[in-house]
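Shown next: query_34.txt, containing compact mmCIF, C-alpha atoms.
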# COMPACT_ATOMS: atom_id res chain seq x y z
CA MET C 1 145.00 -7.67 -154.76
CA ARG C 2 143.91 -5.50 -151.86
CA GLY C 3 143.05 -8.58 -149.81
CA GLU C 4 146.48 -10.04 -150.59
CA MET C 5 148.16 -6.88 -149.32
CA ALA C 6 146.08 -6.87 -146.15
CA ALA C 7 146.94 -10.52 -145.55
CA PHE C 8 150.62 -9.74 -146.05
CA ILE C 9 150.54 -6.88 -143.54
CA LEU C 10 148.74 -9.06 -141.00
CA LEU C 11 151.18 -11.94 -141.48
CA ALA C 12 154.15 -9.59 -141.33
CA ALA C 13 152.92 -8.29 -137.97
CA VAL C 14 152.35 -11.86 -136.73
CA THR C 15 155.90 -12.71 -137.82
CA VAL C 16 157.90 -9.70 -136.69
CA ILE C 17 156.31 -8.79 -133.34
CA PRO C 18 156.81 -12.25 -131.74
CA ALA C 19 160.31 -12.31 -133.27
CA ILE C 20 161.13 -9.16 -131.33
CA VAL C 21 159.75 -10.84 -128.20
CA VAL C 22 162.00 -13.84 -128.93
CA VAL C 23 165.16 -11.75 -128.85
CA THR C 24 164.21 -9.33 -126.07
CA SER C 25 162.13 -11.24 -123.51
CA ARG C 26 163.75 -11.77 -120.12
CA ASN C 27 161.83 -15.00 -119.67
CA ILE C 28 163.47 -17.73 -121.72
CA VAL C 29 160.33 -19.89 -121.87
CA ARG C 30 158.28 -16.97 -123.15
CA ALA C 31 160.95 -16.35 -125.79
CA ALA C 32 160.80 -19.99 -126.88
CA LEU C 33 157.01 -19.99 -127.06
CA SER C 34 157.07 -16.76 -129.08
CA LEU C 35 158.88 -18.71 -131.76
CA VAL C 36 155.59 -20.50 -132.56
CA PRO C 37 153.66 -17.46 -133.90
CA THR C 38 156.76 -16.38 -135.80
CA PHE C 39 157.03 -19.75 -137.54
CA LEU C 40 153.30 -19.85 -138.22
CA GLY C 41 153.43 -16.32 -139.67
CA VAL C 42 156.25 -17.38 -141.97
CA SER C 43 154.21 -20.40 -143.06
CA GLY C 44 151.36 -17.98 -143.87
CA LEU C 45 153.79 -16.04 -146.03
CA TYR C 46 154.55 -19.28 -147.87
CA VAL C 47 150.82 -19.66 -148.57
CA LEU C 48 150.83 -16.16 -150.05
CA LEU C 49 153.77 -17.23 -152.20
CA GLN C 50 151.88 -20.33 -153.39
CA ALA C 51 154.28 -22.78 -151.76
CA GLU C 52 151.84 -25.12 -150.08
CA PHE C 53 154.23 -28.01 -149.53
CA VAL C 54 156.83 -25.80 -147.86
CA THR C 55 154.03 -24.44 -145.67
CA ALA C 56 153.16 -27.91 -144.43
CA ILE C 57 156.81 -28.75 -143.78
CA GLN C 58 157.34 -25.45 -141.97
CA VAL C 59 154.43 -26.12 -139.63
CA LEU C 60 155.51 -29.70 -138.98
CA ILE C 61 159.23 -29.20 -138.49
CA TYR C 62 159.63 -25.67 -137.17
CA ALA C 63 156.44 -25.03 -135.23
CA GLY C 64 156.22 -28.66 -134.15
CA ALA C 65 159.59 -30.29 -133.77
CA ILE C 66 162.18 -27.57 -133.25
CA THR C 67 160.12 -25.57 -130.76
CA VAL C 68 159.44 -28.67 -128.69
CA LEU C 69 163.13 -29.60 -128.81
CA ILE C 70 164.10 -26.12 -127.58
CA LEU C 71 161.52 -26.25 -124.78
CA PHE C 72 162.83 -29.65 -123.66
CA VAL C 73 166.39 -28.36 -123.48
CA ILE C 74 165.24 -25.31 -121.51
CA MET C 75 163.44 -27.63 -119.13
CA LEU C 76 166.54 -29.81 -118.73
CA THR C 77 169.11 -27.05 -118.34
CA ALA C 78 167.80 -23.83 -116.82
CA GLY C 79 168.05 -25.18 -113.31
CA GLY C 80 164.37 -24.69 -112.63
CA THR C 81 165.03 -22.18 -109.89
CA GLY C 82 162.92 -19.36 -111.27
CA LEU C 83 165.53 -16.89 -110.10
CA PRO C 84 165.77 -13.80 -112.26
CA VAL C 85 168.88 -14.28 -114.36
CA ARG C 86 170.41 -11.62 -116.55
CA GLN C 87 169.70 -12.77 -120.10
CA VAL C 88 171.71 -10.27 -122.14
CA ASN C 89 175.41 -9.65 -122.23
CA GLU C 90 177.10 -6.26 -122.27
CA GLN C 91 176.89 -5.93 -126.06
CA VAL C 92 173.34 -4.59 -126.30
CA PRO C 93 174.20 -1.14 -127.74
CA LEU C 94 176.65 -2.73 -130.16
CA GLY C 95 174.09 -5.38 -131.10
CA ILE C 96 171.43 -2.76 -131.82
CA LEU C 97 173.94 -0.83 -133.91
CA VAL C 98 175.06 -3.86 -135.94
CA ALA C 99 171.54 -5.22 -136.47
CA GLY C 100 170.23 -1.80 -137.46
CA ALA C 101 173.12 -1.23 -139.84
CA LEU C 102 172.58 -4.65 -141.40
CA ALA C 103 168.84 -4.04 -141.78
CA GLY C 104 169.47 -0.65 -143.37
CA GLY C 105 172.11 -2.01 -145.71
CA LEU C 106 170.01 -4.99 -146.76
CA LEU C 107 166.94 -2.84 -147.37
CA PHE C 108 169.00 -0.32 -149.34
CA VAL C 109 170.57 -2.98 -151.57
CA LEU C 110 167.64 -5.38 -151.97
CA LEU C 111 165.01 -2.74 -152.71
CA ARG C 112 167.13 -0.89 -155.29
CA ALA C 113 168.46 -3.88 -157.19
CA PRO C 114 166.70 -4.55 -160.51
CA TRP C 115 165.50 -8.14 -160.20
CA PRO C 116 164.65 -9.99 -163.41
CA MET C 117 160.96 -10.33 -162.65
CA VAL C 118 159.05 -12.93 -164.65
CA SER C 119 155.29 -13.12 -164.45
CA GLY C 120 154.10 -16.67 -164.69
CA GLU C 121 152.02 -19.28 -162.97
CA MET C 122 153.34 -21.67 -160.39
CA PRO C 123 152.67 -25.37 -161.11
CA ARG C 124 149.19 -26.35 -160.06
CA TYR C 125 150.25 -29.42 -158.07
CA ASN C 126 152.94 -28.06 -155.82
CA ALA C 127 153.92 -31.28 -154.04
CA ARG C 128 154.16 -33.22 -157.30
CA ALA C 129 156.40 -30.56 -158.87
CA ILE C 130 158.69 -30.54 -155.83
CA GLY C 131 158.85 -34.32 -155.74
CA THR C 132 159.72 -34.50 -159.41
CA ALA C 133 162.40 -31.84 -158.99
CA LEU C 134 163.87 -33.60 -155.95
CA LEU C 135 164.22 -36.90 -157.77
CA THR C 136 165.45 -35.55 -161.12
CA ASN C 137 167.42 -32.30 -161.13
CA TYR C 138 168.17 -32.21 -157.42
CA ALA C 139 168.66 -35.90 -156.68
CA LEU C 140 172.24 -35.34 -155.47
CA VAL C 141 171.13 -32.55 -153.12
CA PHE C 142 168.39 -34.81 -151.79
CA GLU C 143 170.76 -37.71 -151.13
CA VAL C 144 173.45 -35.58 -149.50
CA THR C 145 170.84 -33.90 -147.30
CA SER C 146 169.56 -37.25 -146.12
CA LEU C 147 173.12 -38.31 -145.35
CA VAL C 148 173.72 -35.11 -143.35
CA LEU C 149 170.48 -35.73 -141.46
CA LEU C 150 171.58 -39.25 -140.53
CA VAL C 151 175.06 -38.14 -139.48
CA SER C 152 173.76 -35.23 -137.40
CA LEU C 153 171.23 -37.41 -135.60
CA ILE C 154 173.84 -40.02 -134.72
CA GLY C 155 176.20 -37.24 -133.67
CA ALA C 156 173.55 -35.62 -131.50
CA ILE C 157 172.87 -38.91 -129.73
CA ILE C 158 176.56 -39.54 -129.13
CA ILE C 159 177.19 -36.01 -127.87
CA ALA C 160 174.19 -35.94 -125.56
CA ARG C 161 174.74 -39.43 -124.15
CA ARG C 162 176.00 -39.65 -120.62
CA GLU C 163 179.61 -40.69 -120.52
CA GLY C 164 180.43 -44.09 -119.14
CA SER C 165 177.03 -45.64 -119.72
CA MET S 1 149.90 -0.98 -154.14
CA GLN S 2 150.43 -4.47 -155.45
CA LEU S 3 152.09 -7.13 -153.34
CA GLY S 4 155.48 -7.82 -154.86
CA LEU S 5 158.93 -9.25 -154.33
CA SER S 6 160.19 -6.15 -152.52
CA HIS S 7 157.71 -6.59 -149.66
CA PHE S 8 158.97 -10.08 -148.93
CA LEU S 9 162.59 -8.99 -149.23
CA ALA S 10 162.02 -6.16 -146.77
CA LEU S 11 160.29 -8.46 -144.30
CA SER S 12 163.03 -11.06 -144.48
CA ALA S 13 165.72 -8.39 -144.04
CA LEU S 14 163.95 -7.27 -140.86
CA LEU S 15 163.59 -10.83 -139.60
CA PHE S 16 167.26 -11.56 -140.29
CA SER S 17 168.36 -8.46 -138.40
CA ILE S 18 166.17 -9.36 -135.43
CA GLY S 19 167.74 -12.81 -135.37
CA LEU S 20 171.22 -11.31 -135.58
CA TYR S 21 170.44 -9.03 -132.65
CA GLY S 22 169.39 -12.08 -130.64
CA VAL S 23 172.57 -13.96 -131.52
CA LEU S 24 174.75 -10.99 -130.59
CA THR S 25 173.17 -10.06 -127.28
CA ARG S 26 171.89 -13.24 -125.61
CA ARG S 27 173.84 -15.03 -122.92
CA ASN S 28 171.84 -18.23 -122.93
CA ALA S 29 173.07 -20.68 -125.58
CA VAL S 30 169.52 -21.89 -126.25
CA ALA S 31 168.42 -18.31 -126.94
CA ILE S 32 171.32 -17.93 -129.36
CA LEU S 33 170.05 -21.00 -131.22
CA MET S 34 166.60 -19.38 -131.36
CA GLY S 35 168.16 -16.34 -133.03
CA ILE S 36 169.83 -18.61 -135.56
CA GLU S 37 166.47 -20.23 -136.32
CA LEU S 38 164.99 -16.79 -137.00
CA MET S 39 167.82 -16.02 -139.42
CA LEU S 40 167.32 -19.33 -141.25
CA ASN S 41 163.61 -18.56 -141.55
CA ALA S 42 164.43 -15.19 -143.10
CA ALA S 43 166.65 -16.91 -145.67
CA ASN S 44 163.83 -19.35 -146.45
CA VAL S 45 161.36 -16.52 -147.05
CA ASN S 46 163.85 -15.05 -149.50
CA LEU S 47 164.29 -18.36 -151.33
CA VAL S 48 160.57 -18.99 -151.73
CA ALA S 49 159.86 -15.37 -152.70
CA PHE S 50 162.52 -15.42 -155.41
CA ASN S 51 161.13 -18.73 -156.63
CA ARG S 52 157.67 -17.18 -156.94
CA TYR S 53 158.62 -13.90 -158.60
CA VAL S 54 161.81 -14.63 -160.56
CA SER S 55 161.44 -18.22 -161.75
CA PRO S 56 157.84 -19.37 -161.46
CA GLY S 57 157.20 -22.72 -163.06
CA VAL S 58 160.38 -24.40 -161.87
CA MET S 59 161.12 -25.25 -158.28
CA PRO S 60 164.73 -24.54 -157.25
CA GLY S 61 163.81 -22.03 -154.54
CA GLN S 62 161.31 -24.27 -152.83
CA VAL S 63 163.60 -27.31 -153.07
CA PHE S 64 166.42 -25.40 -151.43
CA ALA S 65 164.05 -23.99 -148.83
CA LEU S 66 163.20 -27.60 -147.92
CA VAL S 67 166.91 -28.43 -147.75
CA VAL S 68 167.48 -25.45 -145.45
CA ILE S 69 164.61 -26.55 -143.20
CA THR S 70 166.15 -30.04 -142.97
CA LEU S 71 169.57 -28.65 -142.16
CA ALA S 72 168.01 -26.33 -139.57
CA ALA S 73 166.56 -29.38 -137.87
CA CYS S 74 170.02 -31.02 -137.93
CA GLU S 75 171.62 -27.87 -136.56
CA ALA S 76 169.06 -27.62 -133.76
CA ALA S 77 169.57 -31.26 -132.79
CA VAL S 78 173.38 -31.05 -132.72
CA GLY S 79 173.43 -27.60 -131.14
CA LEU S 80 171.05 -28.55 -128.35
CA ALA S 81 172.99 -31.77 -127.73
CA LEU S 82 176.13 -29.65 -127.34
CA VAL S 83 174.29 -27.36 -124.92
CA MET S 84 173.25 -30.40 -122.90
CA ALA S 85 176.81 -31.76 -122.84
CA ALA S 86 178.21 -28.39 -121.82
CA TYR S 87 175.59 -28.03 -119.11
CA ARG S 88 176.39 -31.45 -117.74
CA SER S 89 180.09 -30.77 -117.37
CA LEU S 90 180.12 -27.02 -116.64
CA GLU S 91 176.76 -26.49 -114.88
CA THR S 92 175.92 -23.45 -116.97
CA VAL S 93 174.32 -22.59 -120.30
CA HIS S 94 175.52 -19.00 -120.35
CA VAL S 95 178.12 -18.64 -123.05
CA ASP S 96 180.01 -15.85 -121.30
CA GLU S 97 180.69 -18.22 -118.39
CA ILE S 98 182.01 -21.00 -120.61
CA ASN S 99 185.56 -19.72 -120.85
CA LEU S 100 187.81 -22.70 -120.13
CA LEU S 101 189.97 -21.96 -123.16
CA LYS S 102 190.29 -18.29 -122.33
CA TRP S 103 193.48 -17.54 -120.50
In structure tokens, what does this structure look like?
Amino acid sequence: MRGEMAAFILLAAVTVIPAIVVVTSRNIVRAALSLVPTFLGVSGLYVLLQAEFVTAIQVLIYAGAITVLILFVIMLTAGGTGLPVRQVNEQVPLGILVAGALAGGLLFVLLRAPWPMVSGEMPRYNARAIGTALLTNYALVFEVTSLVLLVSLIGAIIIARREGS
Amino acid sequence: MQLGLSHFLALSALLFSIGLYGVLTRRNAVAILMGIELMLNAANVNLVAFNRYVSPGVMPGQVFALVVITLAACEAAVGLALVMAAYRSLETVHVDEINLLKW
């Protein structure tokens, strides 16, 4: 149990500190690259929660695909001048206030609420359990998600395509 | 002190607030999308943690975490395509300079 707690504290630090860099760094590329340790820290949290399949998907899609996509768009848009550009708008004090208030409110509510805790074992074969659930109880969710994925990819191609070609 | 649900809830609340701060204060549209990704990650941590501590044995939390990851990928693809289109026509990615509809 003590090792679990130590691992949680380590993973929480790996998750939260780069996340703060993501939202505060003046360098947009550094912010984008700081997303990687955050996503990997979250995938470590999934290991602690015995969700191995979600861990693998998190590493593949977030740390792999989405970060690379963001870096490509930064490369294609920022102008490549290297000039120091103001990255924050004039709402910084308001943003700190709102985010702090939300964090305080969420912590207050979530930590006081009596959750119906059940002690039990997770299924031993995580991927098999998820696959069975996806194709039985959640088949409709699965199909609609795949449809949304198709539509969004076609939409992204059409939006990003140069007009007239 | 035993590792429990409340630790994960506290961490995800922090992560969500950090993401919200990024969304509220950044000028660059890509950075705003990064903040949104952080917020979606916080929601996923919550889903998986509730699955582990409230309903172990069945899989709704993890299934919906996978759905959220898929939709986050969709959102990133469409959002970044919109950023590209806006950059091509307006020559900027800063959302406070994209004010054509503002009179």
**Message:** Between atom CA of Ala99 of chain C and atom CA of Cys74 of chain S, what is the distance in Å, rounded to a tenth?
**Reply:**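 A separation of 25.9 Å between them.
The space between atom CA of Ala65 of chain S and atom CA of Ala56 of chain C spans 12.4 Å.
Near segment 104-117 of chain C, within a cut-off of 6 Å and counting only C-alpha atoms, sit the residues Ser6, Ala10, Tyr53 and Val54 of chain S, with same-chain residues fewer than 4 positions away left out.
Considering all atoms listed in the file, the residue among C:Leu153, C:Val85, C:Ala13, C:Leu71 positioned nearest to His94 of chain S is C:Val85.
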**Two-atom distance - atom CA of Leu94 of chain C, atom CA of His7 of chain S (Å)** =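 Result for atom CA of Leu94 of chain C versus atom CA of His7 of chain S: 27.5 Å, one decimal.
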Expected answer as a PDB file with C-alpha atoms, keeping the file's coordinate frame: chain S residues within 6 Å of chain C, all atoms listed in the file:
ATOM      1  CA  LEU S   3     152.090  -7.130-153.340  1.00  0.00           C
ATOM      2  CA  SER S   6     160.190  -6.150-152.520  1.00  0.00           C
ATOM      3  CA  ALA S  10     162.020  -6.160-146.770  1.00  0.00           C
ATOM      4  CA  ALA S  13     165.720  -8.390-144.040  1.00  0.00           C
ATOM      5  CA  LEU S  14     163.950  -7.270-140.860  1.00  0.00           C
ATOM      6  CA  SER S  17     168.360  -8.460-138.400  1.00  0.00           C
ATOM      7  CA  TYR S  21     170.440  -9.030-132.650  1.00  0.00           C
ATOM      8  CA  GLY S  22     169.390 -12.080-130.640  1.00  0.00           C
ATOM      9  CA  LEU S  24     174.750 -10.990-130.590  1.00  0.00           C
ATOM     10  CA  THR S  25     173.170 -10.060-127.280  1.00  0.00           C
ATOM     11  CA  ARG S  26     171.890 -13.240-125.610  1.00  0.00           C
ATOM     12  CA  ARG S  27     173.840 -15.030-122.920  1.00  0.00           C
ATOM     13  CA  TYR S  53     158.620 -13.900-158.600  1.00  0.00           C
ATOM     14  CA  VAL S  54     161.810 -14.630-160.560  1.00  0.00           C
ATOM     15  CA  PRO S  56     157.840 -19.370-161.460  1.00  0.00           C
ATOM     16  CA  GLY S  57     157.200 -22.720-163.060  1.00  0.00           C
ATOM     17  CA  CYS S  74     170.020 -31.020-137.930  1.00  0.00           C
ATOM     18  CA  VAL S  78     173.380 -31.050-132.720  1.00  0.00           C
ATOM     19  CA  ALA S  81     172.990 -31.770-127.730  1.00  0.00           C
ATOM     20  CA  ALA S  85     176.810 -31.760-122.840  1.00  0.00           C
TER      21      ALA S  85
END
**Asked** Quick one: of C:Ala139, C:Leu147, C:Leu40, C:Arg30, who's nearest to Val63 of chain S, counting only C-alpha atoms?
**Response** C:Ala139
**Message:** From the options S:Gly19, S:Leu38, S:Ala29, S:Phe50, which residue's atoms come nearest to Leu5 of chain S, counting all atoms listed in the file?
**Reply:**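 Between S:Gly19, S:Leu38, S:Ala29, S:Phe50, the residue approaching Leu5 of chain S most closely is S:Phe50.
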